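Input: a single structure, listed below in C-alpha cells.
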Protein chains: 2
Amino acid sequence: MRQIPYDLIRKKQSGQAHTAEEVQYLVGAFTRGELPDYQMSAWLMAVYFQGMIPEERNELVNTMINSGRRLDFSHLDGYVADKHSTGGVGDKVSLVLGPLLAACGLYVPMLSGRGLGHTGGTLDKLEAIPGFRISLDLDAFQRQVAEVGICMMGQTSDICPADKKLYALRDVTSTVSSVPLIAGSIMSKKIAEGIRGLILDVKWGSGAFMTRLEDARALAKVLIETGQAFGVHTRARVTDMNQPLGATAGIWCEVQESVRALEGGGPADLLELTRVLASDILKMAGHSDPGKEIQGALDSGRAREKLDQMVAAQGGDVKALANARLHQPSVTIPLLAPADGYLATVDTYRAGMSLIEAKAGRTQQSDGIDPTAGFALDIKIGDRVSAGSDIGRYFGSNQSFVEAAAKDLMAALSWSGESVEALPLIVDFQ
Amino acid sequence: MRQIPYDLIRKKQSGQAHTAEEVQYLVGAFTRGELPDYQMSAWLMAVYFQGMIPEERNELVNTMINSGRRLDFSHLDGYVADKHSTGGVGDKVSLVLGPLLAACGLYVPMLSGRGLGHTGGTLDKLEAIPGFRISLDLDAFQRQVAEVGICMMGQTSDICPADKKLYALRDVTSTVSSVPLIAGSIMSKKIAEGIRGLILDVKWGSGAFMTRLEDARALAKVLIETGQAFGVHTRARVTDMNQPLGATAGIWCEVQESVRALEGGGPADLLELTRVLASDILKMAGHSDPGKEIQGALDSGRAREKLDQMVAAQGGDVKALANARLHQPSVTIPLLAPADGYLATVDTYRAGMSLIEAKAGRTQQSDGIDPTAGFALDIKIGDRVSAGSDIGRYFGSNQSFVEAAAKDLMAALSWSGESVEALPLIVDFQ
C-alpha cells in the first residue's frame, strides 16, 4: 500500500484511528528521513487534539521499540524491574531505589534522562561523580546488570531511535503534552529495557508535568494499560509534586541526600516514597515480606554497598561519592521566613526554574550544569515558622546567580496566618 | 519583544488569541525563512482546531498584504471591482463576467489561479489561447486595467508572497480547510488588487470546497467581514455546486462555452449566475439599472468585444479564440443514460476528479494539462432520460484516459425512477 502522508494527517485530523500499518509508516518514514518534519509536526498536533485509541498507542510503542534493540534478560534467574518517574523537583528516588532493589536481589536495568526545564534528571547527578560513565554500550550495560544487579546510564542510540527523533520534534512544536505521545515515549524505552516489572511514579501538582490530579490519574491508567499490553507487569503510584521532594534540589546536594537515605537517614518524605515504591515492586516480584526485606537491606548496609558497587563498575570514584565537600559551593545564601505563619503553597514549577538561574538546571539539552548549585528547603507545607527564622539555603558558584535564584525561590513560597494542612505524599495506587 | 515560536504555538493550541504583533511575527518570520516549516505547520494545525477571532484574522490578512505590493487604482474615474469563486466543476463564470463588467464601464483587475484537484482554474483556460500571456508585471497589469478596463492574469510574486509560501505549506499539511486561513488567503490577494468592490461566489455542495450549506454560509460571512474591515465593499452569493455549472467542464470546451455566453448564448445556469453576480456588483457600483445595462452589453456585442480586446492586449490570438476546432479532441466517447429515469444526484467531486484522469485537471501544480480534454453533460438534476439516450460526451487526446474518465463520470451520476426536484442555483445573498 502506498501511504500518502497528507491523507494520514487528514485522517487523524478528522478524529479517525490509524491502522497498525499507518502508524508504522508514519513513524518509520519519519525516522528514515522520508517524511518531512513539517508533515510530522502537523500530524503530531492533530494527535494532540484528537488523541489515539489504545490500539494506535500500542502500535506507536511497538514501532518505536522495533526502530532499535530490545534487551533480553530472560536468562537471569531473578526478577528484572525498573521504576520511572514523570519528573519533578528534588526527585532523587531513582538513585536510592535502584541500589535498594538490587540489594534485595532484583535486577535493575535503568536507562535515565537528563534534567530539562524545571525538572531534574538522574544522569546529571550521576555525572557529578568523578569518573562515572553514563554511556556504556548495550552489551556492557547488560553484563553489568547481570553481574552487579544494577546499571544506571543514559539512553543509547540503539534504544528507540524513533522516539529520540520524535521527541526532539515534539519538544519544539508544543506537542509533548499529549497523553498517547507521552505514553509512547516513556513506555517504548522501558519495555525495550527487557524488564518484567515496572513501577511508575506519576507526579501531580505545581511542579509536575500534570498539574491536575485527574490528569495524572488518567496518564497513570494509560501507562499501565500500555505496559500490560506488552507483557510488562506495570503498576503506578500517583504522588505529590506540590512541593519539592526531600530536603534538597540541585546536583551534588541531591547525590549526598541519596547517599544518606541509603544509609537509613535523610528526610521522611524521600524515605517514605522510596519504601513504598520498593515495596510495590518487590510484591510484584513475589517477595513475601518486602517491608522487612527493605529494612534489612538498609540496616545491613547492603543497599549502600550496592550503590558503591554500581559506581565502581561504571568507573566512578567511590570515595568521592561519600565526600559531601567534593562539589563545595563557594556561595551560600540563607533563606529566612518573611513573617510569622505557615508555609501554605510552593509554586514548585517556579522553584524548579530557579535552579536554572543558579545553573543547577538547563533550558536546552546542550547547556552545561554546575554541580555545586542547588537549594535546601528545611520546611514543608503546613510547617510553622517565625519571622526571620532560618528555613533553608541557596548555594552555588556565582554570587549574583545564586542571589537571583534565592529571590525566585522565596517568591515561589506563599504563607498563611492560619494553620495549613499538610498534603498527602502518596495519593493513589493503580 | 522577543517572540518565542514555541510559546506562540502553545498559545494558539490552548485556544488563546494572538496579539497583532504575534501574528506579524509568525507570518513575517516564516516568510523570511526564520521560522522553520515544522513549527509553522504545528501552528497551522493548532489554528485549524482553535480558530481565530476577527482581529487575528484581519491581522493575518494585513500582514500578508504588507508582505508584498498593494495596488492602487484611485486615480481611475470608475468603479474598480472583482469577483472570486471558491471553486467548482465547470465554473467558467470569471471568463464571462470579467469582460461583461468591463463592457459596463467597470475596471476589473482580476488575479486568478490554476485548477487543482477536482476544481478548474481560470488561468488554465486562458493559457489555452495561443499567445496569451498570464504573467505580466504589475505595472503592465495596472496599465492594461486602466486602458482596456480588464486584465486577467496569475498572481505575481509581488502580491502577498507570504500567502504564497503559507499556502504551499498548508497544501501538504492538510491545513487548507480552516475558515480563518481560507479567508486570509482569499481576501489578502483580493484586497491587494486595490479594488473597491468584491462579489464572492461561495459554492456549496458535492463539488464545492464546502460540502455543507451552513459551512458555505459561515465562510461567506467571514469573507464579507474581512473585506469590510479593509474598506472593500464585499457581498456574497452562496450558490449550488451539487452538479457541474454550465454544459461543459474541461479546458477549451469551457473557453468556447464562455465565448458563446458572451454572445448571448450558452446554458441557462451559467447565464443566470453570471447575470446575478454582474447585477450585484453593478448595484454596488451605484448603477441604477444593471439588468438593462447587462442586456445591452451582451446584445450590442460590447461584452464579446471586450474579451477580444483583453486577449489582444495580452498577446493572445483573437482569431484562435473564436475557433471551436482549435484544440480539437481526437477521441470522443458518447455518454448514454443507463435506464429510464431521472438524474438524481451528481457526485461532483468525483466528476471533477474524472477530469484529472482525462488530463484536463491536475493533482500537482507542476502537472501539465491537455486543452482538448473535458466533458459535456447535457442534462441537469431532475431531467428525465430514457435508456440509451445521449446525455453527453467525454473527449480528449488519449483513448484509454478518456474511457476511464467517462466511466468515472458515469459512476458519479445517480438515477431515480421517481421524479426529482431541481436544485436552486442561487441559495443566498449576504
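Every chain in the C-alpha cells has a letter given in the order shown (A, B, ...), and although residue numbers restart at 1 in each chain, ligands are simply numbered from 1 in the order shown.
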| query | Quick one: which residues from chain B are at most 8 Å off chain A, using only C-alpha atoms, as a list in words? | reply |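 Residues satisfying the distance criterion: Tyr6, Asp7, Ile9, Arg10, Asp37, Tyr38, Gln39, Met40, Ser41, Ala42, Trp43, Leu44, Met45, Ala46, Phe49, Val172, Thr173 and Ser174 of chain B.
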I want to know what sits within 7 Å of region 268-283 of chain A, based on only C-alpha atoms, with residues of the same chain fewer than 4 positions away left out; could you give that as a PDB file with N, CA, C and O atoms, in the first residue's frame?
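Output file out_27.pdb is given in full below:
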ATOM      1  N   VAL A  93      14.594   9.838  43.871  1.00  0.00           N
ATOM      2  CA  VAL A  93      14.190   8.484  44.285  1.00  0.00           C
ATOM      3  C   VAL A  93      14.963   7.396  43.540  1.00  0.00           C
ATOM      4  O   VAL A  93      15.380   6.399  44.138  1.00  0.00           O
ATOM      5  N   LEU A  97      16.340   4.145  45.167  1.00  0.00           N
ATOM      6  CA  LEU A  97      15.536   2.941  44.926  1.00  0.00           C
ATOM      7  C   LEU A  97      16.298   1.886  44.126  1.00  0.00           C
ATOM      8  O   LEU A  97      16.182   0.684  44.417  1.00  0.00           O
ATOM      9  N   LEU A 101      16.720  -1.897  45.484  1.00  0.00           N
ATOM     10  CA  LEU A 101      16.090  -3.056  44.840  1.00  0.00           C
ATOM     11  C   LEU A 101      17.137  -4.103  44.477  1.00  0.00           C
ATOM     12  O   LEU A 101      16.910  -5.312  44.642  1.00  0.00           O
ATOM     13  N   ILE A 199       7.410  -0.090  38.091  1.00  0.00           N
ATOM     14  CA  ILE A 199       6.600   0.753  38.961  1.00  0.00           C
ATOM     15  C   ILE A 199       6.748   2.191  38.489  1.00  0.00           C
ATOM     16  O   ILE A 199       7.855   2.676  38.241  1.00  0.00           O
ATOM     17  N   LEU A 245      10.538  17.373  46.579  1.00  0.00           N
ATOM     18  CA  LEU A 245      10.653  16.125  47.333  1.00  0.00           C
ATOM     19  C   LEU A 245      11.965  16.119  48.106  1.00  0.00           C
ATOM     20  O   LEU A 245      13.020  16.481  47.550  1.00  0.00           O
ATOM     21  N   GLY A 246      11.910  15.692  49.356  1.00  0.00           N
ATOM     22  CA  GLY A 246      13.124  15.615  50.166  1.00  0.00           C
ATOM     23  C   GLY A 246      13.550  16.981  50.658  1.00  0.00           C
ATOM     24  O   GLY A 246      12.778  17.952  50.651  1.00  0.00           O
ATOM     25  N   ALA A 261      20.131   8.670  52.502  1.00  0.00           N
ATOM     26  CA  ALA A 261      18.914   7.854  52.535  1.00  0.00           C
ATOM     27  C   ALA A 261      19.253   6.369  52.493  1.00  0.00           C
ATOM     28  O   ALA A 261      18.642   5.554  53.184  1.00  0.00           O
ATOM     29  N   HIS A 287       7.909 -11.276  46.298  1.00  0.00           N
ATOM     30  CA  HIS A 287       8.551 -11.355  47.619  1.00  0.00           C
ATOM     31  C   HIS A 287       7.480 -11.260  48.692  1.00  0.00           C
ATOM     32  O   HIS A 287       6.525 -10.490  48.575  1.00  0.00           O
ATOM     33  N   SER A 288       7.656 -12.027  49.768  1.00  0.00           N
ATOM     34  CA  SER A 288       6.558 -12.164  50.720  1.00  0.00           C
ATOM     35  C   SER A 288       6.535 -11.066  51.782  1.00  0.00           C
ATOM     36  O   SER A 288       5.473 -10.658  52.229  1.00  0.00           O
ATOM     37  N   PRO A 290       8.171  -7.591  51.901  1.00  0.00           N
ATOM     38  CA  PRO A 290       9.015  -6.515  51.371  1.00  0.00           C
ATOM     39  C   PRO A 290       9.474  -5.533  52.447  1.00  0.00           C
ATOM     40  O   PRO A 290      10.625  -5.087  52.415  1.00  0.00           O
ATOM     41  N   GLY A 291       8.604  -5.198  53.386  1.00  0.00           N
ATOM     42  CA  GLY A 291       8.955  -4.200  54.406  1.00  0.00           C
ATOM     43  C   GLY A 291      10.175  -4.636  55.190  1.00  0.00           C
ATOM     44  O   GLY A 291      11.130  -3.869  55.387  1.00  0.00           O
TER      45      GLY A 291
END
Which residues come within 6 Å of region 78-88 of chain A, counting only C-alpha atoms, excluding same-chain residues fewer than 3 positions away, as a PDB file with all heavy atoms, in the first residue's frame?
ATOM      1  N   ASP A  91      13.435  15.304  43.038  1.00  0.00           N
ATOM      2  CA  ASP A  91      13.104  13.876  42.934  1.00  0.00           C
ATOM      3  C   ASP A  91      14.372  13.061  42.677  1.00  0.00           C
ATOM      4  O   ASP A  91      14.825  12.936  41.550  1.00  0.00           O
ATOM      5  CB  ASP A  91      12.092  13.662  41.818  1.00  0.00           C
ATOM      6  CG  ASP A  91      11.678  12.197  41.693  1.00  0.00           C
ATOM      7  OD1 ASP A  91      12.128  11.375  42.510  1.00  0.00           O
ATOM      8  OD2 ASP A  91      10.903  11.892  40.771  1.00  0.00           O
ATOM      9  N   LEU A 106      16.835  -7.978  43.148  1.00  0.00           N
ATOM     10  CA  LEU A 106      16.259  -7.717  41.825  1.00  0.00           C
ATOM     11  C   LEU A 106      17.353  -7.277  40.842  1.00  0.00           C
ATOM     12  O   LEU A 106      18.418  -6.804  41.251  1.00  0.00           O
ATOM     13  CB  LEU A 106      15.190  -6.620  41.920  1.00  0.00           C
ATOM     14  CG  LEU A 106      13.748  -7.106  42.108  1.00  0.00           C
ATOM     15  CD1 LEU A 106      13.639  -8.091  43.251  1.00  0.00           C
ATOM     16  CD2 LEU A 106      12.800  -5.928  42.307  1.00  0.00           C
ATOM     17  N   TYR A 107      17.085  -7.452  39.566  1.00  0.00           N
ATOM     18  CA  TYR A 107      17.957  -6.915  38.521  1.00  0.00           C
ATOM     19  C   TYR A 107      17.335  -5.621  37.997  1.00  0.00           C
ATOM     20  O   TYR A 107      16.155  -5.615  37.654  1.00  0.00           O
ATOM     21  CB  TYR A 107      18.111  -7.922  37.384  1.00  0.00           C
ATOM     22  CG  TYR A 107      18.882  -9.156  37.798  1.00  0.00           C
ATOM     23  CD1 TYR A 107      18.229 -10.344  38.132  1.00  0.00           C
ATOM     24  CD2 TYR A 107      20.283  -9.124  37.853  1.00  0.00           C
ATOM     25  CE1 TYR A 107      18.938 -11.475  38.502  1.00  0.00           C
ATOM     26  CE2 TYR A 107      21.003 -10.257  38.226  1.00  0.00           C
ATOM     27  CZ  TYR A 107      20.325 -11.417  38.556  1.00  0.00           C
ATOM     28  OH  TYR A 107      21.034 -12.532  38.932  1.00  0.00           O
ATOM     29  N   VAL A 108      18.136  -4.565  37.951  1.00  0.00           N
ATOM     30  CA  VAL A 108      17.599  -3.236  37.616  1.00  0.00           C
ATOM     31  C   VAL A 108      18.373  -2.606  36.443  1.00  0.00           C
ATOM     32  O   VAL A 108      19.412  -1.984  36.639  1.00  0.00           O
ATOM     33  CB  VAL A 108      17.661  -2.298  38.844  1.00  0.00           C
ATOM     34  CG1 VAL A 108      17.007  -0.951  38.518  1.00  0.00           C
ATOM     35  CG2 VAL A 108      17.016  -2.946  40.064  1.00  0.00           C
ATOM     36  N   THR A 119      12.537  20.383  35.766  1.00  0.00           N
ATOM     37  CA  THR A 119      12.727  19.074  36.396  1.00  0.00           C
ATOM     38  C   THR A 119      14.186  18.605  36.324  1.00  0.00           C
ATOM     39  O   THR A 119      14.877  18.845  35.341  1.00  0.00           O
ATOM     40  CB  THR A 119      11.852  17.987  35.710  1.00  0.00           C
ATOM     41  OG1 THR A 119      12.269  17.871  34.346  1.00  0.00           O
ATOM     42  CG2 THR A 119      10.398  18.346  35.763  1.00  0.00           C
ATOM     43  N   ILE A 195      12.482  -5.477  30.779  1.00  0.00           N
ATOM     44  CA  ILE A 195      12.072  -5.709  32.169  1.00  0.00           C
ATOM     45  C   ILE A 195      10.808  -6.556  32.251  1.00  0.00           C
ATOM     46  O   ILE A 195      10.045  -6.655  31.294  1.00  0.00           O
ATOM     47  CB  ILE A 195      11.825  -4.366  32.900  1.00  0.00           C
ATOM     48  CG1 ILE A 195      10.841  -3.487  32.099  1.00  0.00           C
ATOM     49  CG2 ILE A 195      13.146  -3.652  33.112  1.00  0.00           C
ATOM     50  CD1 ILE A 195      10.518  -2.159  32.761  1.00  0.00           C
ATOM     51  N   ARG A 196      10.600  -7.149  33.442  1.00  0.00           N
ATOM     52  CA  ARG A 196       9.354  -7.886  33.672  1.00  0.00           C
ATOM     53  C   ARG A 196       8.358  -7.068  34.473  1.00  0.00           C
ATOM     54  O   ARG A 196       7.152  -7.249  34.348  1.00  0.00           O
ATOM     55  CB  ARG A 196       9.640  -9.194  34.433  1.00  0.00           C
ATOM     56  CG  ARG A 196      10.186 -10.283  33.547  1.00  0.00           C
ATOM     57  CD  ARG A 196      10.412 -11.565  34.332  1.00  0.00           C
ATOM     58  NE  ARG A 196       9.195 -12.066  34.979  1.00  0.00           N
ATOM     59  CZ  ARG A 196       9.182 -12.985  35.933  1.00  0.00           C
ATOM     60  NH1 ARG A 196      10.319 -13.499  36.372  1.00  0.00           N
ATOM     61  NH2 ARG A 196       8.039 -13.387  36.462  1.00  0.00           N
ATOM     62  N   GLY A 197       8.891  -6.185  35.329  1.00  0.00           N
ATOM     63  CA  GLY A 197       8.012  -5.381  36.176  1.00  0.00           C
ATOM     64  C   GLY A 197       8.426  -3.914  36.141  1.00  0.00           C
ATOM     65  O   GLY A 197       9.608  -3.585  35.998  1.00  0.00           O
ATOM     66  N   LEU A 198       7.437  -3.045  36.263  1.00  0.00           N
ATOM     67  CA  LEU A 198       7.705  -1.601  36.235  1.00  0.00           C
ATOM     68  C   LEU A 198       6.797  -0.902  37.229  1.00  0.00           C
ATOM     69  O   LEU A 198       5.584  -1.107  37.216  1.00  0.00           O
ATOM     70  CB  LEU A 198       7.434  -1.063  34.822  1.00  0.00           C
ATOM     71  CG  LEU A 198       7.566   0.454  34.621  1.00  0.00           C
ATOM     72  CD1 LEU A 198       9.006   0.918  34.840  1.00  0.00           C
ATOM     73  CD2 LEU A 198       7.089   0.858  33.226  1.00  0.00           C
ATOM     74  N   ILE A 199       7.410  -0.090  38.091  1.00  0.00           N
ATOM     75  CA  ILE A 199       6.600   0.753  38.961  1.00  0.00           C
ATOM     76  C   ILE A 199       6.748   2.191  38.489  1.00  0.00           C
ATOM     77  O   ILE A 199       7.855   2.676  38.241  1.00  0.00           O
ATOM     78  CB  ILE A 199       6.983   0.588  40.454  1.00  0.00           C
ATOM     79  CG1 ILE A 199       6.064   1.435  41.341  1.00  0.00           C
ATOM     80  CG2 ILE A 199       8.434   0.971  40.719  1.00  0.00           C
ATOM     81  CD1 ILE A 199       4.703   0.849  41.550  1.00  0.00           C
ATOM     82  N   LEU A 200       5.606   2.845  38.320  1.00  0.00           N
ATOM     83  CA  LEU A 200       5.596   4.226  37.827  1.00  0.00           C
ATOM     84  C   LEU A 200       5.278   5.180  38.972  1.00  0.00           C
ATOM     85  O   LEU A 200       4.394   4.912  39.778  1.00  0.00           O
ATOM     86  CB  LEU A 200       4.525   4.384  36.743  1.00  0.00           C
ATOM     87  CG  LEU A 200       4.761   3.548  35.494  1.00  0.00           C
ATOM     88  CD1 LEU A 200       3.462   3.364  34.716  1.00  0.00           C
ATOM     89  CD2 LEU A 200       5.822   4.207  34.621  1.00  0.00           C
ATOM     90  N   ASP A 201       6.009   6.271  39.013  1.00  0.00           N
ATOM     91  CA  ASP A 201       5.720   7.327  39.975  1.00  0.00           C
ATOM     92  C   ASP A 201       5.194   8.510  39.163  1.00  0.00           C
ATOM     93  O   ASP A 201       5.958   9.269  38.584  1.00  0.00           O
ATOM     94  CB  ASP A 201       7.012   7.686  40.729  1.00  0.00           C
ATOM     95  CG  ASP A 201       6.779   8.759  41.773  1.00  0.00           C
ATOM     96  OD1 ASP A 201       5.613   9.176  41.964  1.00  0.00           O
ATOM     97  OD2 ASP A 201       7.776   9.190  42.394  1.00  0.00           O
ATOM     98  N   VAL A 202       3.872   8.618  39.097  1.00  0.00           N
ATOM     99  CA  VAL A 202       3.253   9.675  38.294  1.00  0.00           C
ATOM    100  C   VAL A 202       2.957  10.859  39.219  1.00  0.00           C
ATOM    101  O   VAL A 202       2.123  10.778  40.113  1.00  0.00           O
ATOM    102  CB  VAL A 202       1.965   9.175  37.608  1.00  0.00           C
ATOM    103  CG1 VAL A 202       1.343  10.288  36.756  1.00  0.00           C
ATOM    104  CG2 VAL A 202       2.266   7.954  36.743  1.00  0.00           C
ATOM    105  N   GLY A 207       4.615  21.306  40.533  1.00  0.00           N
ATOM    106  CA  GLY A 207       5.937  21.063  39.973  1.00  0.00           C
ATOM    107  C   GLY A 207       5.955  19.870  39.044  1.00  0.00           C
ATOM    108  O   GLY A 207       7.012  19.420  38.603  1.00  0.00           O
ATOM    109  N   ALA A 208       4.774  19.319  38.755  1.00  0.00           N
ATOM    110  CA  ALA A 208       4.691  18.111  37.929  1.00  0.00           C
ATOM    111  C   ALA A 208       4.310  18.484  36.517  1.00  0.00           C
ATOM    112  O   ALA A 208       3.830  19.583  36.242  1.00  0.00           O
ATOM    113  CB  ALA A 208       3.651  17.151  38.494  1.00  0.00           C
ATOM    114  N   ALA A 285       7.285  -8.769  42.363  1.00  0.00           N
ATOM    115  CA  ALA A 285       8.282  -9.816  42.117  1.00  0.00           C
ATOM    116  C   ALA A 285       7.982 -11.080  42.923  1.00  0.00           C
ATOM    117  O   ALA A 285       8.700 -12.075  42.803  1.00  0.00           O
ATOM    118  CB  ALA A 285       9.678  -9.293  42.457  1.00  0.00           C
TER     119      ALA A 285
END
| field | Selection: 7 Å around Ser354 (chain A), only C-alpha atoms, excl. self and same-chain fewer than 6 positions, as number ranges by chain | value | A: 405, 408-409
Write a file of the just-selected residues containing all heavy atoms, as a compact mmCIF listing (two decimals), in the first residue's frame.
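In the end it all went to selection_6.txt:
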# COMPACT_ATOMS: atom_id res chain seq x y z
N ALA A 405 18.43 33.39 42.11
CA ALA A 405 17.71 32.13 42.28
C ALA A 405 17.02 32.08 43.64
O ALA A 405 15.87 31.64 43.76
CB ALA A 405 18.68 30.95 42.12
N ASP A 408 13.96 34.15 43.64
CA ASP A 408 12.89 33.48 42.91
C ASP A 408 12.27 32.35 43.73
O ASP A 408 11.05 32.16 43.71
CB ASP A 408 13.47 32.91 41.60
CG ASP A 408 12.62 33.34 40.42
OD1 ASP A 408 12.13 34.49 40.44
OD2 ASP A 408 12.44 32.53 39.50
N LEU A 409 13.11 31.60 44.42
CA LEU A 409 12.58 30.53 45.26
C LEU A 409 11.68 31.10 46.35
O LEU A 409 10.58 30.59 46.60
CB LEU A 409 13.72 29.71 45.88
CG LEU A 409 13.29 28.63 46.87
CD1 LEU A 409 12.36 27.61 46.21
CD2 LEU A 409 14.50 27.90 47.47
| request: Can you list, as number ranges by chain, all residues belonging to region 228-362 of chain A that DSSP tags as strand (DSSP E or B)? | output: A: 233-240, 248-250, 331-336, 341-346
| query | Which neighbours of Glu257 (chain A) fall inside 12 Å, counting only C-alpha atoms, when residues of the same chain fewer than 4 positions from it are skipped, and could you give them as a count of residues only? | reply | 32
| query | Which polymer residues have any atom within 12 Å of an atom of Tyr342 (chain A), counting only C-alpha atoms, with same-chain residues fewer than 2 positions away left out, as a count of residues only? | reply | 27
| request: Measure the distance from CA of Ala146 (chain B) to CA of Gly105 (chain B) in Å and round it to one decimal. | output: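 Going from CA of Ala146 (chain B) over to CA of Gly105 (chain B), I get 11.0 Å.
Checking A:Gly396, A:Pro334, A:Gly368, A:Gly286 one by one against Asp124 (chain A), counting only C-alpha atoms, you find the shortest gap at A:Gly368.
Going from CA of Asp347 (chain A) over to CA of Ala183 (chain A), you cover 25.9 Å.
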| task | Would you kindly return, as an MDAnalysis selection string, each protein, DNA or RNA residue with an atom no farther than 8 Å from any atom of Ser112 (chain B), considering only C-alpha atoms and excluding same-chain residues fewer than 6 positions away? | result | chainID B and resid 121:123 152:155
| said: Using Å and a single decimal, report how far CA of Gly117 (chain B) sits from CA of Ala404 (chain B). | reply: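 Distance between the two atoms: 17.0 Å.
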| Which of these, A:Asp299, A:Asp378, A:Glu305, A:Asp370, has the shortest distance to His327 (chain A) once you count only C-alpha atoms? | A:Asp370
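Using only C-alpha atoms for every distance, the candidate list A:Thr31, A:Gln430, A:Ser397, A:Ser67 yields A:Thr31 as the residue closest to Ala168 (chain A).
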